[in-house]
Every structure is written in structure tokens, then in C-alpha cells.
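One structure below.
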Amino acid sequence: MSKLLLVDDDANTLASLSRAFRLAGHDVVICDSADRALEQARCQRFDMILSDVVMPGKDGLALLAELKNLGVPSPVVMISGQANVEMAVRATRLGAMDFLEKPISTDKLLLTVENAVKLSRLEEENRRLRQRVGKNELVWQSTAMEKVIARLDRVATSETRVCIYGETAPARS
């Protein structure tokens with residue numbers, strides 16, 4: 001189950017989309033303004049944020065920019081019934097994962113959410129694995145190891161297999 005933040009100034013859109021998401025098994029928080037959405041994004045983590053672009057007061061593009069400035073890691077998909085190419089390009093440059101035009105097919109929207117959440121989770125897992133693995137550094141430096149590394153550098157760009165053998169130095173503390 002994914003936790004979604006849905007932002008739109010139209011009550012009918014909020015009701016129909018939130019119902020579709022809930023029926024698909026998602027937990028949905030709805031907001032009718034960008035300011036309320038920012039409050040929610042500051043307080044809790046969402047797997048994905050879907051926002052209308054054209055809203056009174058602060059629009060969806062301003063919301064997107066503020067979310068990115070705050071470092072909110074959730075992927076953002078922009079939705080608009082008054083879309084144009086410039087708006088879509090601007091949203092993408094600001095960091096939107098996707099840009100969908102209204103009216104939106106429920107199947108397409110659910111697929112977009114599924115793909116965005118999967119990608120976000122994979123990126124997070126990748127980041128955690130990189131932290132766990134750390135840097136590829138030698139734990140011991142010596143003249144002998146420098147010679148081994150120099151030989152490996154010469155064959156590194158080729159498809160050649162290399163076998164390194166020799167004594168293992170005891171660990172030093």
C-alpha cells in the first residue's frame with residue numbers, strides 16, 4: 001500500500017481520484033491548496049504526490065518548486081486540464097516525474113502511480129545499498145599492492161580475466 005498526497009482545488013476531482021486510489025489499495029491524503037499540501041509534506045512522508053497545476057493562490061508549479069527546495073524526496077506527478085507544452089516542460093525542469101492531462105483515465109493514473117512508486121523505492125534502495133557498501137578503498141597500502149593495482153589498471157578496459165593470488169596479510173589493529 002502506498003501513501004499518496006493528492007492536491008487539487010476541485011472537490012469533485014479530489015473525491016473521484018481519492019476514491020479510485022483507495023479502491024486500488026492506496027492510502028490517500030487530500031488537500032485543496034498548495035499551502036495545505038506543503039504543511040502535509042513537511043509533517044509526513046508520502047510515496048508520491050499528485051498535484052493539479054492551475055489552482056488559485058499558489059499554483060502547482062510553485063508547489064513543486066517549494067517541495068524540491070525543502071528536499072522532499074517524494075516523486076511528483078503534475079496534472080492539468082489546461083496543459084500546454086511550455087507548462088509541461090517547466091514542470092519537468094522543476095523536477096516533476098510526469099505530466100498528465102485531464103481528463104485522466106483511471107487505469108493510466110493507477111499505472112503512473114505504480115511505476116513512480118516502484119522507481120522511487122528502487123532509487124531509495126540503491127541509495128541505501130551504496131551507503132552500506134561504502135567506497136571501494138584498499139584497507140592496506142604497500143609497494144606490492146601498488147604494483148598489483150598498476151597491473152590491473154592496464155587490463156581493466158579489456159575483457160581479459162585476471163586471477164590474483166598470493167599470501168593474505170594478517171589484519172592489523
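Ordered as shown in the C-alpha cells, chains take letters A, B, and onward, while each chain numbers its residues from 1 and ligands are numbered from 1 in the order shown.
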What's the 8 Å shell around Leu38 (chain A), counting only C-alpha atoms, without same-chain residues fewer than 2 positions away, as a short mmCIF file (atom, residue, chain, number, x, y, z; two decimals) with N, CA and C atoms, in the first residue's frame?
```
data_model
loop_
_atom_site.label_atom_id
_atom_site.label_comp_id
_atom_site.auth_asym_id
_atom_site.auth_seq_id
_atom_site.Cartn_x
_atom_site.Cartn_y
_atom_site.Cartn_z
N ALA A 34 -2.17 24.41 -2.38
CA ALA A 34 -0.73 24.15 -2.33
C ALA A 34 -0.18 24.38 -0.93
N ASP A 35 -0.67 25.40 -0.24
CA ASP A 35 -0.17 25.67 1.11
C ASP A 35 -0.47 24.52 2.07
N ARG A 36 -1.68 23.97 1.99
CA ARG A 36 -2.02 22.82 2.85
C ARG A 36 -1.16 21.61 2.48
N GLN A 40 1.39 19.33 4.87
CA GLN A 40 1.35 17.87 4.95
C GLN A 40 2.71 17.26 4.59
N ALA A 41 3.35 17.78 3.54
CA ALA A 41 4.64 17.24 3.09
C ALA A 41 5.74 17.49 4.13
N ARG A 42 5.61 18.56 4.90
CA ARG A 42 6.58 18.83 5.97
C ARG A 42 6.40 17.86 7.13
N LEU A 63 4.25 25.01 -6.00
CA LEU A 63 4.29 23.94 -5.00
C LEU A 63 5.44 22.99 -5.29
N GLU A 66 8.76 24.53 -4.34
CA GLU A 66 8.95 24.56 -2.88
C GLU A 66 9.23 23.17 -2.31
N LEU A 67 8.55 22.16 -2.84
CA LEU A 67 8.81 20.79 -2.39
C LEU A 67 10.26 20.41 -2.65
#
```
List the spatial neighbours of Asp9 (chain A) as an MDAnalysis selection string - criterion: any atom at most 12 Å away, only C-alpha atoms, same-chain residues fewer than 4 positions off excluded. chainID A and resid 13:15 30:37 51:60 79:80
Identify which of the residues A:Val85, A:Leu4, A:Leu23, A:Met48 lies closest to Lys118 (chain A), counting only C-alpha atoms when measuring atom-to-atom distances.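 Result for the nearest residue to Lys118 (chain A): A:Met48.
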Give the alpha helix (DSSP H) residues of chain A, as assigned by DSSP on the backbone, as a compact mmCIF listing (two decimals) with C-alpha atoms, in the first residue's frame.
```
# COMPACT_ATOMS: atom_id res chain seq x y z
CA ALA A 11 -13.65 18.98 -4.86
CA ASN A 12 -15.10 16.62 -7.49
CA THR A 13 -11.64 15.73 -8.79
CA LEU A 14 -10.37 15.13 -5.25
CA ALA A 15 -13.36 12.90 -4.47
CA SER A 16 -13.20 10.79 -7.63
CA LEU A 17 -9.41 10.35 -7.66
CA SER A 18 -9.15 9.63 -3.95
CA ARG A 19 -11.93 7.02 -4.29
CA ALA A 20 -10.11 5.35 -7.22
CA PHE A 21 -6.84 5.28 -5.27
CA ARG A 22 -8.48 3.91 -2.13
CA LEU A 23 -10.23 1.18 -4.12
CA ALA A 34 -0.73 24.15 -2.33
CA ASP A 35 -0.17 25.67 1.11
CA ARG A 36 -2.02 22.82 2.85
CA ALA A 37 -0.06 20.33 0.75
CA LEU A 38 3.22 21.90 1.88
CA GLU A 39 2.13 21.55 5.51
CA GLN A 40 1.35 17.87 4.95
CA ALA A 41 4.64 17.24 3.09
CA ARG A 42 6.58 18.83 5.97
CA CYS A 43 4.83 16.63 8.55
CA GLY A 60 1.14 23.52 -8.68
CA LEU A 61 4.43 24.61 -10.26
CA ALA A 62 5.18 26.86 -7.27
CA LEU A 63 4.29 23.94 -5.00
CA LEU A 64 6.66 21.68 -6.93
CA ALA A 65 9.49 24.21 -6.64
CA GLU A 66 8.95 24.56 -2.88
CA LEU A 67 8.81 20.79 -2.39
CA LYS A 68 12.15 20.45 -4.16
CA ASN A 69 13.66 23.35 -2.17
CA LEU A 70 12.55 21.67 1.06
CA VAL A 85 3.88 22.19 -23.88
CA GLU A 86 5.59 25.07 -22.06
CA MET A 87 3.86 24.15 -18.81
CA ALA A 88 4.89 20.50 -19.15
CA VAL A 89 8.50 21.44 -19.92
CA ARG A 90 8.63 23.81 -16.96
CA ALA A 91 7.21 21.15 -14.64
CA THR A 92 9.76 18.63 -15.85
CA ARG A 93 12.62 21.09 -15.37
CA LEU A 94 11.41 21.74 -11.83
CA THR A 106 -8.16 5.81 -14.08
CA ASP A 107 -6.12 2.91 -15.44
CA LYS A 108 -3.42 5.24 -16.76
CA LEU A 109 -3.31 7.16 -13.49
CA LEU A 110 -3.02 3.98 -11.41
CA LEU A 111 -0.26 2.69 -13.68
CA THR A 112 1.60 6.00 -13.42
CA VAL A 113 1.37 5.85 -9.63
CA GLU A 114 2.54 2.23 -9.56
CA ASN A 115 5.53 2.97 -11.80
CA ALA A 116 6.50 6.14 -9.93
CA VAL A 117 6.33 4.42 -6.54
CA LYS A 118 8.37 1.46 -7.82
CA LEU A 119 11.02 3.78 -9.25
CA SER A 120 11.15 5.82 -6.06
CA ARG A 121 11.57 2.70 -3.93
CA LEU A 122 14.31 1.35 -6.21
CA GLU A 123 16.17 4.66 -6.04
CA GLU A 124 15.91 4.64 -2.24
CA GLU A 125 17.12 1.03 -2.06
CA ASN A 126 20.01 1.87 -4.40
CA ARG A 127 20.98 4.84 -2.21
CA ARG A 128 20.90 2.69 0.95
CA LEU A 129 22.96 -0.06 -0.70
CA ARG A 130 25.57 2.45 -1.83
CA GLN A 131 25.84 3.75 1.72
CA ARG A 132 26.24 0.22 3.06
CA VAL A 133 28.86 -0.77 0.52
CA THR A 143 54.54 -1.29 -2.67
CA ALA A 144 53.37 -4.80 -3.58
CA MET A 145 49.70 -3.70 -3.70
CA GLU A 146 50.58 -0.64 -5.78
CA LYS A 147 52.20 -2.96 -8.35
CA VAL A 148 49.08 -5.17 -8.39
CA ILE A 149 46.80 -2.14 -8.90
CA ALA A 150 49.04 -0.83 -11.70
CA ARG A 151 48.79 -4.19 -13.50
CA LEU A 152 45.01 -4.26 -13.02
CA ASP A 153 44.71 -0.74 -14.46
CA ARG A 154 46.42 -1.95 -17.65
CA VAL A 155 43.90 -4.75 -18.23
```
When DSSP works through the backbone of this structure, what residues of region 8-167 of chain A end up as strand (DSSP E), shown as a ChimeraX atom specification? /A:27-31,48-52,76-80,98-101
Measure the distance from CA of Val72 (chain A) to CA of Gly25 (chain A) in Å and round it to one decimal.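 Interatomic distance here is 23.4 Å.
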Computed interatomic separation between CA of Ile104 (chain A) and CA of Leu50 (chain A) (Å): 12.4 Å
When you look at Ala96 (chain A) with a cut-off of 7 Å (counting only C-alpha atoms), what residues show up, excluding the ones that are within fewer than 5 positions of it in the same chain? I need them as a ChimeraX atom specification. /A:76-78,91
